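Data block below; observations after.
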Protein chains: 2
Amino acid sequence: MDIYEALYTTRAMRRVKPDPVPADVQHKIVDAAIRAPTGGNTQGWRFLLVDDPAVIGQIAPIYRECIDFLWEHIYNERIAAAEADPESEASKQMMVMQKSVQYAVDHFAEYPLLLFAFDQADTTGGSIFPAVWSAMLAARAEGVGSSLTSVLMIKGEEVPDLLGVPADEGWRMACCVPMGYPKGKWGVAQRAPVHTVSFRNHWGQSVAFESDQPLWP
Amino acid sequence: MDIYEALYTTRAMRRVKPDPVPADVQHKIVDAAIRAPTGGNTQGWRFLLVDDPAVIGQIAPIYRECIDFLWEHIYNERIAAAEADPESEASKQMMVMQKSVQYAVDHFAEYPLLLFAFDQADTTGGSIFPAVWSAMLAARAEGVGSSLTSVLMIKGEEVPDLLGVPADEGWRMACCVPMGYPKGKWGVAQRAPVHTVSFRNHWGQSVAFESDQPLWP
């Protein structure tokens with residue numbers, strides 16, 4: 001697969017089939033991930049693949065609690081704003097996202113594979129999220145959909161304890177990436193155009209290029 | 001370019017030519033970056049391309065101070081260990097990395113392009129580093145080398161102030177990515193093998209696949 005196709009069409013894919021992701025595909029995904037950079041090339045990372053339905057079934061209710069908390073305490077204003085003005089573009093996007101996440105909540109136990117990433121004493125995330133994103137791009141190349149969530153952190157050590165993570169050695173759960181073969185189609189996600197979020201040489205100064213539509217395909 | 005070639009060969013490329021990176025190539029790089037995911041699809045990011053030699057020249061001495069601090073106060077033990085046992089694999093890798101970074105220090109003012117990324121109230125980095133890594137992968141596809149550093153944070157608001165970043169609006173500098181056309185060759189970076197950093201279903205449990213060499217090419 002062309003690199004640009006992967007970069008433009010790897011969108012959050014939460015609606016997936018329960019079909020297993022074969023071991024050789026998992027191997028390709030994680031082997032690609034570890035080529036990503038880390039500060040000082042320390043490679044202070046661990047990856048945990050969970051495909052045991054019993055373990056995924058234990059995480060499912062924790063994920064539900066975290067998302068419930070998210071709706072009630074973190075996204076409550078955005079949800080209220082969306083409900084007050086349902087025709088605005090922002091509201092529509094919010095409701096699409098909320099519906100997609102709620103689908104993940106209701107079907108979490110059916111995910112065939114979860115990829116957890118851990119880092120150590122990395123406060124910026126710059127030494128783990130490139131690897132996680134590489135894993136998601138490699139998954140895309142293999143036809144496997146994924147989505148990235150850090151929401152399980154809301155419940156603190158509950159999931160790390162369940163997975164046996166040695167917190168006393170400084171290992172921190174960076175995120176969870178549910179994976180599986182998509183039910184729907186791949187596509188380019190909508191974004192605020194690049195010139196509205198980019199500057200040149202000084203904050204606020206025009207970046208000197210413009211495009212309302214994605215440059216690919 | 002094939003996605004796997006990009007994922008495996010986008011290594012830190014600090015030795016680059018002073019030749020400018022054309023505007024249409026810069027456009028492709030940032031337009032690819034904004035397809036990456038963000039928590040709740042908030043897209044709370046800004047990208048700042050710096051190609052004015054005067055601005056890059058002002059940042060160069062700050063970068064030098066930060067790296068000096070890094071060697072003296074953060075990597076001092078690793079450097080001492082490498083000097084004490086120069087034949088070990090870890091020591092060799094450390095010295096290669098140090099030499100490469102020192103090259104960047106001594107030639108910082110010659111970089112033709114810096115890409116800065118900013119996020120807002122994102123404590124995990126999970127909503128900015130996928131985009132940064134996408135930018136670096138798209139750059140790779142265009143033949144442009146890059147390296148990721150968060151080291152300028154050591155000098156706090158010095159660089160953000162110079163760039164006019166409105167810290168009072170909550171914008172935080174996530175990283176700086178110097179870019180340019182490579183002097184050297186692309187290649188697959190060495191990593192600890194995937195089965196030594198991966199587990200299955202529970203921390204410490206074998207991931208059930210193994211490969212000492214990269215799966216690509």
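Chain identifiers are assigned as A, B, and so on, following the order in which chains appear in the structure tokens; residues are numbered from 1 within each chain, and ligands are numbered from 1 in order of appearance.
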Find the residues in chain A near chain B: any atom within 6 Å counts, using only C-alpha atoms. Write them as a ChimeraX atom specification.
/A:1-3,8,31,35,46-50,124-126,129-130,133,163-165,194,197-203
Name the residues of chain B that fall into alpha helix (DSSP H) according to DSSP on the backbone, using the chain letters and numbers of this document, as a PyMOL selection string.
chain B and resi 3-9+23-33+53-69+76-84+89-106+129-141+158-163
Run DSSP on the backbone of this structure and report the residues of stretch 115-184 of chain A it assigns to strand (DSSP E), as a PDB file with N, CA and C atoms, in the first residue's frame.
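Contents of the output file out23.pdb:
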```pdb
ATOM      1  N   LEU A 115      -4.264  -3.902  21.447  1.00  0.00           N
ATOM      2  CA  LEU A 115      -2.828  -3.638  21.571  1.00  0.00           C
ATOM      3  C   LEU A 115      -2.639  -2.557  22.631  1.00  0.00           C
ATOM      4  N   PHE A 116      -1.930  -2.902  23.693  1.00  0.00           N
ATOM      5  CA  PHE A 116      -1.590  -1.909  24.720  1.00  0.00           C
ATOM      6  C   PHE A 116      -0.142  -1.481  24.540  1.00  0.00           C
ATOM      7  N   ALA A 117       0.130  -0.187  24.744  1.00  0.00           N
ATOM      8  CA  ALA A 117       1.507   0.313  24.673  1.00  0.00           C
ATOM      9  C   ALA A 117       1.856   0.946  26.014  1.00  0.00           C
ATOM     10  N   PHE A 118       3.089   0.727  26.428  1.00  0.00           N
ATOM     11  CA  PHE A 118       3.564   1.228  27.716  1.00  0.00           C
ATOM     12  C   PHE A 118       4.886   1.959  27.523  1.00  0.00           C
ATOM     13  N   ASP A 119       5.077   3.026  28.279  1.00  0.00           N
ATOM     14  CA  ASP A 119       6.387   3.673  28.276  1.00  0.00           C
ATOM     15  C   ASP A 119       6.823   3.914  29.710  1.00  0.00           C
ATOM     16  N   GLN A 120       8.015   4.402  29.838  1.00  0.00           N
ATOM     17  CA  GLN A 120       8.630   4.512  31.154  1.00  0.00           C
ATOM     18  C   GLN A 120       9.181   5.919  31.311  1.00  0.00           C
ATOM     19  N   GLY A 145      -8.519  -2.641  10.927  1.00  0.00           N
ATOM     20  CA  GLY A 145      -8.921  -1.347  11.467  1.00  0.00           C
ATOM     21  C   GLY A 145      -8.533  -1.215  12.920  1.00  0.00           C
ATOM     22  N   SER A 146      -8.408   0.029  13.388  1.00  0.00           N
ATOM     23  CA  SER A 146      -7.993   0.260  14.771  1.00  0.00           C
ATOM     24  C   SER A 146      -8.498   1.621  15.233  1.00  0.00           C
ATOM     25  N   TRP A 171       6.569   1.479  34.777  1.00  0.00           N
ATOM     26  CA  TRP A 171       5.851   1.307  33.509  1.00  0.00           C
ATOM     27  C   TRP A 171       4.482   1.948  33.581  1.00  0.00           C
ATOM     28  N   ARG A 172       4.181   2.723  32.548  1.00  0.00           N
ATOM     29  CA  ARG A 172       2.948   3.497  32.485  1.00  0.00           C
ATOM     30  C   ARG A 172       2.173   3.095  31.229  1.00  0.00           C
ATOM     31  N   MET A 173       0.885   2.844  31.371  1.00  0.00           N
ATOM     32  CA  MET A 173       0.054   2.525  30.210  1.00  0.00           C
ATOM     33  C   MET A 173      -0.180   3.794  29.401  1.00  0.00           C
ATOM     34  N   ALA A 174       0.262   3.811  28.146  1.00  0.00           N
ATOM     35  CA  ALA A 174       0.084   5.008  27.315  1.00  0.00           C
ATOM     36  C   ALA A 174      -1.269   4.990  26.624  1.00  0.00           C
ATOM     37  N   CYS A 175      -1.693   3.824  26.173  1.00  0.00           N
ATOM     38  CA  CYS A 175      -2.956   3.747  25.442  1.00  0.00           C
ATOM     39  C   CYS A 175      -3.352   2.312  25.161  1.00  0.00           C
ATOM     40  N   CYS A 176      -4.576   2.177  24.692  1.00  0.00           N
ATOM     41  CA  CYS A 176      -5.122   0.894  24.249  1.00  0.00           C
ATOM     42  C   CYS A 176      -5.622   1.081  22.819  1.00  0.00           C
ATOM     43  N   VAL A 177      -5.294   0.138  21.946  1.00  0.00           N
ATOM     44  CA  VAL A 177      -5.716   0.209  20.545  1.00  0.00           C
ATOM     45  C   VAL A 177      -6.505  -1.058  20.199  1.00  0.00           C
ATOM     46  N   PRO A 178      -7.845  -0.995  20.271  1.00  0.00           N
ATOM     47  CA  PRO A 178      -8.649  -2.131  19.812  1.00  0.00           C
ATOM     48  C   PRO A 178      -8.493  -2.292  18.290  1.00  0.00           C
ATOM     49  N   MET A 179      -8.385  -3.540  17.840  1.00  0.00           N
ATOM     50  CA  MET A 179      -8.169  -3.817  16.411  1.00  0.00           C
ATOM     51  C   MET A 179      -9.105  -4.909  15.917  1.00  0.00           C
ATOM     52  N   GLY A 180      -9.327  -4.903  14.608  1.00  0.00           N
ATOM     53  CA  GLY A 180     -10.121  -5.951  13.978  1.00  0.00           C
ATOM     54  C   GLY A 180     -10.411  -5.613  12.533  1.00  0.00           C
TER      55      GLY A 180
END
```
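Of the residues under consideration (B:Ala167, B:Pro18, B:Ile79, B:Pro112), B:Ile79 shows the shortest atom-to-atom contact distance to B:Val96 when counting only C-alpha atoms.
Distances to A:Ile154 were evaluated for A:Asp106, A:Leu70, A:Ser91, A:Ala82 using only C-alpha atoms, and the minimum falls at A:Leu70.
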Residue contacts of B:Phe69 (12 Å, only C-alpha atoms) excluding same-chain residues fewer than 5 positions away, as a ChimeraX atom specification:
/B:62-64,74-76,151-155
